[in-house]
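Participant: What follows is a single structure, and I will ask about it in a moment.
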Amino acid sequence: MRVVIQRVSKAHVTISGNTVGSIGNGLLILLGIEETDSREDAEWLAKKIAAMRIFSDQNGIMNLSINDIKGEALVVSQFTLFASTKKGNRPSWFRAARHEISIPLYEQFVSLLSLAINRPVATGKFGADMQVSLINDGPVTIVMDTKNKE
């Protein structure tokens, strides 16, 4: 699994002009799933994100987690995170998981993250053409991959 995590003051997802997911202060998480991902990847990622100290404390130091600030989370599926640009000018997504693998893992990740942060997680709609709006706070943007746990 690969994610782009953005600390936001607010974010929302619309489909055909209708808002389907919206949050205030918290994390916008763009989630890509590849064929070799598993529930263990989703578990590790949800726990890691919930504990990550990327929110500022009273001294302006990134020392607080999403749980510490009682922040919200919005998860948006994004298969394009697995774009291969090695050959030619048109990206290939051969590493992105098929729907029969990615949909259950996406749903598991959302559920596991919800448990890890003790609140509901907002989402987009898997596979839909979505418009994502956000105000990146900081800006703070972090990229993580469960196959490269740095």
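We name chains A, B, ... following the order of the structure tokens; residues begin at 1 in each chain, and ligands are numbered from 1 as shown.
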As a PyMOL selection string, please: every residue in region 4-140 of chain A that DSSP puts in alpha helix (DSSP H).
Facilitator: chain A and resi 39-51+99-117
Participant: Can I get the selection written as a short mmCIF file (atom, residue, chain, number, x, y, z; two decimals), in the first residue's frame, with N, CA, C and O atoms?
Facilitator:
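New file again.cif:
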```
data_model
loop_
_atom_site.label_atom_id
_atom_site.label_comp_id
_atom_site.auth_asym_id
_atom_site.auth_seq_id
_atom_site.Cartn_x
_atom_site.Cartn_y
_atom_site.Cartn_z
N ARG A 39 -3.98 -7.70 4.29
CA ARG A 39 -4.56 -7.13 5.50
C ARG A 39 -3.46 -6.66 6.45
O ARG A 39 -3.62 -5.65 7.14
N GLU A 40 -2.35 -7.38 6.49
CA GLU A 40 -1.24 -6.98 7.36
C GLU A 40 -0.71 -5.59 6.97
O GLU A 40 -0.36 -4.80 7.85
N ASP A 41 -0.68 -5.30 5.68
CA ASP A 41 -0.27 -3.97 5.22
C ASP A 41 -1.25 -2.92 5.73
O ASP A 41 -0.85 -1.86 6.22
N ALA A 42 -2.54 -3.21 5.62
CA ALA A 42 -3.57 -2.27 6.07
C ALA A 42 -3.47 -2.05 7.57
O ALA A 42 -3.60 -0.91 8.05
N GLU A 43 -3.23 -3.10 8.33
CA GLU A 43 -3.11 -2.98 9.79
C GLU A 43 -1.91 -2.13 10.18
O GLU A 43 -2.02 -1.23 11.02
N TRP A 44 -0.76 -2.41 9.57
CA TRP A 44 0.45 -1.65 9.89
C TRP A 44 0.26 -0.17 9.56
O TRP A 44 0.59 0.70 10.36
N LEU A 45 -0.29 0.10 8.39
CA LEU A 45 -0.47 1.47 7.93
C LEU A 45 -1.44 2.24 8.82
O LEU A 45 -1.18 3.39 9.19
N ALA A 46 -2.56 1.64 9.16
CA ALA A 46 -3.55 2.31 10.01
C ALA A 46 -2.95 2.66 11.37
O ALA A 46 -3.12 3.79 11.86
N LYS A 47 -2.23 1.72 11.97
CA LYS A 47 -1.61 1.98 13.28
C LYS A 47 -0.55 3.07 13.18
O LYS A 47 -0.44 3.94 14.04
N LYS A 48 0.25 3.01 12.13
CA LYS A 48 1.33 3.98 11.94
C LYS A 48 0.77 5.39 11.74
O LYS A 48 1.25 6.35 12.36
N ILE A 49 -0.25 5.51 10.92
CA ILE A 49 -0.85 6.82 10.66
C ILE A 49 -1.48 7.38 11.93
O ILE A 49 -1.32 8.57 12.24
N ALA A 50 -2.20 6.55 12.67
CA ALA A 50 -2.86 7.01 13.89
C ALA A 50 -1.87 7.51 14.93
O ALA A 50 -2.17 8.43 15.70
N ALA A 51 -0.67 6.94 14.96
CA ALA A 51 0.33 7.31 15.97
C ALA A 51 1.31 8.37 15.50
O ALA A 51 2.08 8.90 16.31
N HIS A 99 -9.95 -4.67 -8.88
CA HIS A 99 -11.03 -4.33 -7.94
C HIS A 99 -11.31 -5.43 -6.92
O HIS A 99 -11.61 -5.14 -5.76
N GLU A 100 -11.23 -6.69 -7.33
CA GLU A 100 -11.54 -7.77 -6.39
C GLU A 100 -10.55 -7.85 -5.24
O GLU A 100 -10.84 -8.40 -4.18
N ILE A 101 -9.37 -7.28 -5.42
CA ILE A 101 -8.37 -7.21 -4.34
C ILE A 101 -8.45 -5.85 -3.65
O ILE A 101 -8.46 -5.77 -2.42
N SER A 102 -8.52 -4.79 -4.43
CA SER A 102 -8.40 -3.45 -3.86
C SER A 102 -9.63 -2.99 -3.08
O SER A 102 -9.48 -2.33 -2.04
N ILE A 103 -10.82 -3.32 -3.51
CA ILE A 103 -12.01 -2.86 -2.79
C ILE A 103 -12.06 -3.42 -1.37
O ILE A 103 -12.22 -2.64 -0.42
N PRO A 104 -11.91 -4.74 -1.17
CA PRO A 104 -11.92 -5.24 0.22
C PRO A 104 -10.79 -4.66 1.07
O PRO A 104 -11.00 -4.35 2.25
N LEU A 105 -9.59 -4.48 0.49
CA LEU A 105 -8.49 -3.91 1.26
C LEU A 105 -8.72 -2.44 1.59
O LEU A 105 -8.39 -1.98 2.68
N TYR A 106 -9.29 -1.71 0.66
CA TYR A 106 -9.65 -0.31 0.91
C TYR A 106 -10.63 -0.23 2.08
O TYR A 106 -10.45 0.55 3.02
N GLU A 107 -11.67 -1.05 2.04
CA GLU A 107 -12.68 -1.06 3.10
C GLU A 107 -12.08 -1.49 4.44
O GLU A 107 -12.41 -0.92 5.49
N GLN A 108 -11.18 -2.48 4.41
CA GLN A 108 -10.50 -2.90 5.65
C GLN A 108 -9.65 -1.78 6.22
O GLN A 108 -9.67 -1.53 7.42
N PHE A 109 -8.91 -1.10 5.35
CA PHE A 109 -8.07 -0.01 5.82
C PHE A 109 -8.90 1.08 6.47
O PHE A 109 -8.57 1.57 7.55
N VAL A 110 -9.99 1.48 5.84
CA VAL A 110 -10.87 2.52 6.40
C VAL A 110 -11.39 2.08 7.76
O VAL A 110 -11.37 2.85 8.73
N SER A 111 -11.81 0.84 7.86
CA SER A 111 -12.32 0.31 9.14
C SER A 111 -11.23 0.27 10.21
O SER A 111 -11.46 0.67 11.36
N LEU A 112 -10.04 -0.20 9.85
CA LEU A 112 -8.93 -0.27 10.80
C LEU A 112 -8.48 1.12 11.24
O LEU A 112 -8.17 1.34 12.42
N LEU A 113 -8.47 2.07 10.33
CA LEU A 113 -8.10 3.44 10.70
C LEU A 113 -9.15 4.04 11.63
O LEU A 113 -8.82 4.71 12.61
N SER A 114 -10.41 3.78 11.35
CA SER A 114 -11.48 4.26 12.21
C SER A 114 -11.32 3.73 13.63
O SER A 114 -11.47 4.47 14.61
N LEU A 115 -10.98 2.47 13.76
CA LEU A 115 -10.73 1.88 15.09
C LEU A 115 -9.50 2.52 15.74
O LEU A 115 -9.51 2.80 16.95
N ALA A 116 -8.47 2.76 14.96
CA ALA A 116 -7.22 3.29 15.50
C ALA A 116 -7.36 4.74 15.97
O ALA A 116 -6.66 5.15 16.90
N ILE A 117 -8.25 5.51 15.35
CA ILE A 117 -8.41 6.91 15.76
C ILE A 117 -9.70 7.13 16.58
O ILE A 117 -10.00 8.25 16.97
#
```
Participant: Got a sec: who's within 8 Å of region 6-23 of chain A, counting only C-alpha atoms, leaving out chain neighbours fewer than 5 positions off, as a ChimeraX atom specification?
Facilitator: /A:28-29,54-55,72-74,122-125,128-142
Participant: Next, write the just-selected residues to a file, as a compact mmCIF listing (two decimals), in the first residue's frame, keeping N, CA, C and O atoms as the atom set.
Facilitator:
```txt
# COMPACT_ATOMS: atom_id res chain seq x y z
N LEU A 28 -5.88 14.11 5.23
CA LEU A 28 -6.38 13.59 3.96
C LEU A 28 -5.40 12.51 3.54
O LEU A 28 -4.19 12.76 3.47
N ILE A 29 -5.92 11.31 3.30
CA ILE A 29 -5.07 10.17 2.96
C ILE A 29 -5.47 9.64 1.59
O ILE A 29 -6.58 9.16 1.39
N ILE A 54 2.52 14.45 13.75
CA ILE A 54 2.74 15.47 12.73
C ILE A 54 1.89 16.72 12.94
O ILE A 54 1.82 17.58 12.06
N PHE A 55 1.26 16.83 14.10
CA PHE A 55 0.50 18.02 14.44
C PHE A 55 1.27 18.80 15.50
O PHE A 55 1.92 18.22 16.38
N GLU A 72 -9.76 14.53 12.39
CA GLU A 72 -10.57 13.70 11.51
C GLU A 72 -9.70 13.15 10.38
O GLU A 72 -8.60 13.64 10.15
N ALA A 73 -10.23 12.16 9.68
CA ALA A 73 -9.51 11.56 8.55
C ALA A 73 -10.46 11.38 7.37
O ALA A 73 -11.63 11.05 7.54
N LEU A 74 -9.92 11.61 6.18
CA LEU A 74 -10.63 11.41 4.93
C LEU A 74 -9.74 10.54 4.06
O LEU A 74 -8.59 10.89 3.80
N ALA A 122 -14.13 9.60 7.06
CA ALA A 122 -14.83 10.00 5.84
C ALA A 122 -14.13 9.38 4.64
O ALA A 122 -12.92 9.11 4.69
N THR A 123 -14.87 9.17 3.57
CA THR A 123 -14.29 8.56 2.37
C THR A 123 -14.85 9.23 1.12
O THR A 123 -15.86 9.92 1.17
N GLY A 124 -14.17 8.96 0.04
CA GLY A 124 -14.71 9.26 -1.28
C GLY A 124 -15.53 8.04 -1.68
O GLY A 124 -16.02 7.29 -0.83
N LYS A 125 -15.64 7.80 -2.98
CA LYS A 125 -16.33 6.61 -3.48
C LYS A 125 -15.35 5.86 -4.36
O LYS A 125 -14.84 6.41 -5.35
N ALA A 128 -14.78 6.09 -8.37
CA ALA A 128 -15.53 7.20 -8.96
C ALA A 128 -14.59 8.30 -9.46
O ALA A 128 -13.44 8.39 -9.02
N ASP A 129 -15.09 9.13 -10.34
CA ASP A 129 -14.39 10.33 -10.77
C ASP A 129 -14.67 11.39 -9.71
O ASP A 129 -15.79 11.89 -9.60
N MET A 130 -13.68 11.69 -8.88
CA MET A 130 -13.86 12.56 -7.72
C MET A 130 -13.06 13.84 -7.88
O MET A 130 -12.02 13.86 -8.52
N GLN A 131 -13.56 14.89 -7.24
CA GLN A 131 -12.82 16.13 -7.12
C GLN A 131 -12.49 16.29 -5.65
O GLN A 131 -13.38 16.24 -4.79
N VAL A 132 -11.21 16.45 -5.35
CA VAL A 132 -10.74 16.55 -3.98
C VAL A 132 -10.25 17.97 -3.74
O VAL A 132 -9.40 18.47 -4.49
N SER A 133 -10.79 18.61 -2.73
CA SER A 133 -10.37 19.96 -2.35
C SER A 133 -9.79 19.91 -0.95
O SER A 133 -10.31 19.19 -0.09
N LEU A 134 -8.72 20.68 -0.74
CA LEU A 134 -8.10 20.67 0.58
C LEU A 134 -7.36 21.95 0.84
O LEU A 134 -6.98 22.66 -0.09
N ILE A 135 -7.18 22.22 2.10
CA ILE A 135 -6.26 23.26 2.53
C ILE A 135 -5.18 22.53 3.31
O ILE A 135 -5.41 22.05 4.42
N ASN A 136 -4.01 22.39 2.68
CA ASN A 136 -2.88 21.69 3.28
C ASN A 136 -2.32 22.59 4.37
O ASN A 136 -1.97 23.74 4.12
N ASP A 137 -2.25 22.08 5.58
CA ASP A 137 -1.80 22.84 6.74
C ASP A 137 -0.31 22.64 6.93
O ASP A 137 0.14 21.55 7.24
N GLY A 138 0.45 23.68 6.73
CA GLY A 138 1.89 23.62 6.94
C GLY A 138 2.70 24.23 5.81
O GLY A 138 3.31 25.25 6.00
N PRO A 139 2.76 23.67 4.66
CA PRO A 139 2.17 22.40 4.25
C PRO A 139 2.94 21.20 4.81
O PRO A 139 4.16 21.26 4.96
N VAL A 140 2.19 20.16 5.14
CA VAL A 140 2.79 18.90 5.58
C VAL A 140 2.24 17.81 4.68
O VAL A 140 1.03 17.60 4.61
N THR A 141 3.13 17.15 3.95
CA THR A 141 2.78 16.04 3.07
C THR A 141 3.80 14.93 3.26
O THR A 141 5.00 15.18 3.19
N ILE A 142 3.30 13.72 3.52
CA ILE A 142 4.18 12.58 3.78
C ILE A 142 3.77 11.43 2.87
O ILE A 142 2.57 11.14 2.73
```
Participant: When distances are computed from only C-alpha atoms, which of A:Arg2, A:Lys149, A:Lys70, A:Arg53 shows the smallest separation from Arg95 (chain A)?
Facilitator: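 Closest candidate: A:Arg2.
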Participant: For the strand (DSSP E) assignment from backbone DSSP, which residues of chain A qualify? Please present them as a PyMOL selection string.
Facilitator: chain A and resi 2-15+18-23+26-32+55-56+62-64+72-77+122-123+131-145
Participant: Would you save the residues of that selection, restricted to C-alpha atoms, as a tab-separated table (two decimals), in the first residue's frame?
Facilitator:
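Result file selection_15.tsv:
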```tsv
chain	number	residue	atom	x	y	z
A	2	ARG	CA	1.17	3.45	-0.80
A	3	VAL	CA	-0.25	6.62	0.74
A	4	VAL	CA	0.14	10.33	0.40
A	5	ILE	CA	-0.82	11.86	3.74
A	6	GLN	CA	-1.62	15.56	3.90
A	7	ARG	CA	-2.19	17.44	7.13
A	8	VAL	CA	-5.21	19.62	6.42
A	9	SER	CA	-7.28	22.28	8.10
A	10	LYS	CA	-10.18	21.04	5.96
A	11	ALA	CA	-10.83	18.80	2.97
A	12	HIS	CA	-13.75	17.43	1.04
A	13	VAL	CA	-14.55	15.15	-1.89
A	14	THR	CA	-17.28	15.81	-4.41
A	15	ILE	CA	-18.76	13.61	-7.11
A	18	ASN	CA	-22.29	16.51	-4.47
A	19	THR	CA	-20.08	16.36	-1.38
A	20	VAL	CA	-19.59	12.72	-0.35
A	21	GLY	CA	-16.90	13.15	2.32
A	22	SER	CA	-15.77	16.13	4.34
A	23	ILE	CA	-13.46	16.80	7.30
A	26	GLY	CA	-6.98	16.24	10.36
A	27	LEU	CA	-5.53	14.07	7.61
A	28	LEU	CA	-6.38	13.59	3.96
A	29	ILE	CA	-5.07	10.17	2.96
A	30	LEU	CA	-4.74	9.20	-0.70
A	31	LEU	CA	-4.52	5.39	-0.74
A	32	GLY	CA	-3.09	3.21	-3.51
A	55	PHE	CA	0.50	18.02	14.44
A	56	SER	CA	1.96	20.98	16.31
A	62	MET	CA	5.26	18.53	15.47
A	63	ASN	CA	4.70	16.38	18.51
A	64	LEU	CA	1.01	15.41	18.46
A	72	GLU	CA	-10.57	13.70	11.51
A	73	ALA	CA	-9.51	11.56	8.55
A	74	LEU	CA	-10.63	11.41	4.93
A	75	VAL	CA	-9.48	8.44	2.82
A	76	VAL	CA	-9.61	8.60	-0.97
A	77	SER	CA	-8.70	5.65	-3.20
A	122	ALA	CA	-14.83	10.00	5.84
A	123	THR	CA	-14.29	8.56	2.37
A	131	GLN	CA	-12.82	16.13	-7.12
A	132	VAL	CA	-10.74	16.55	-3.98
A	133	SER	CA	-10.37	19.96	-2.35
A	134	LEU	CA	-8.10	20.67	0.58
A	135	ILE	CA	-6.26	23.26	2.53
A	136	ASN	CA	-2.88	21.69	3.28
A	137	ASP	CA	-1.80	22.84	6.74
A	138	GLY	CA	1.89	23.62	6.94
A	139	PRO	CA	2.17	22.40	4.25
A	140	VAL	CA	2.79	18.90	5.58
A	141	THR	CA	2.78	16.04	3.07
A	142	ILE	CA	4.18	12.58	3.78
A	143	VAL	CA	4.53	9.61	1.43
A	144	MET	CA	4.61	6.08	2.86
A	145	ASP	CA	4.80	2.63	1.30
```
Participant: Could you work out how far CA of Glu150 (chain A) lies from CA of Ser38 (chain A), giving the answer in Å with one decimal?
Facilitator: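 CA of Ser38 (chain A) sits 18.7 Å away from CA of Glu150 (chain A).
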Participant: Provide the CA of Asp57 (chain A) to CA of Gly71 (chain A) distance in Å, to one decimal place.
Facilitator: 13.4 Å
Participant: Would you work out the distance separating CA of Lys86 (chain A) from CA of Arg98 (chain A), expressed in Å to one decimal?
Facilitator: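 A separation of 20.9 Å between them.
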